[in-house]
Amino acid sequence: MNEQVYKELLDRVADIAAVAGVRGSIDPEAGTFGTRVGTGEKRSHAVFVRPSGEVGGRAGAHSG
């Protein structure tokens, strides 16, 4: 996947996250969308999303 397509996919991930109420940001150097998720134990976890180029529900998808 070329760089422009990758950037567009990251922008889509950020848009979807915003609609879902998830705050985060794109790190262009790492090529990820990242956010922190709080736990019930006064801790947090960093979560990063990177486009794979695969469409959900296809190759490698698990059911059940």
# chains A, B, ... in the order shown; residues from 1 in each chain; ligands from 1
$ select_by_dssp --residues "chain A" --states "strand (DSSP E or B)" --output "list of chain:residue names"
A:Ser25, A:Ile26, A:Asp27, A:Thr32, A:Phe33, A:Gly34, A:Thr35, A:Arg36, A:Val37, A:Gly38, A:Ser44, A:His45, A:Ala46, A:Val47, A:Phe48, A:Val49
$ residues_around --residues "segment 16-33 of chain A" --least-positions-apart "5" --cutoff "12 Å" --atoms "only C-alpha atoms" --output "VMD selection string"
chain A and resid 3 to 11 38 46 to 52
$ select_by_dssp --residues "chain A" --states "helix (DSSP H, G or I)" --output "number ranges by chain"
A: 3-19
$ closest_residue --among "A:Ala14, A:Gly53, A:His45, A:Thr35" --to "Met1 of chain A" --atoms "only C-alpha atoms"
A:Gly53
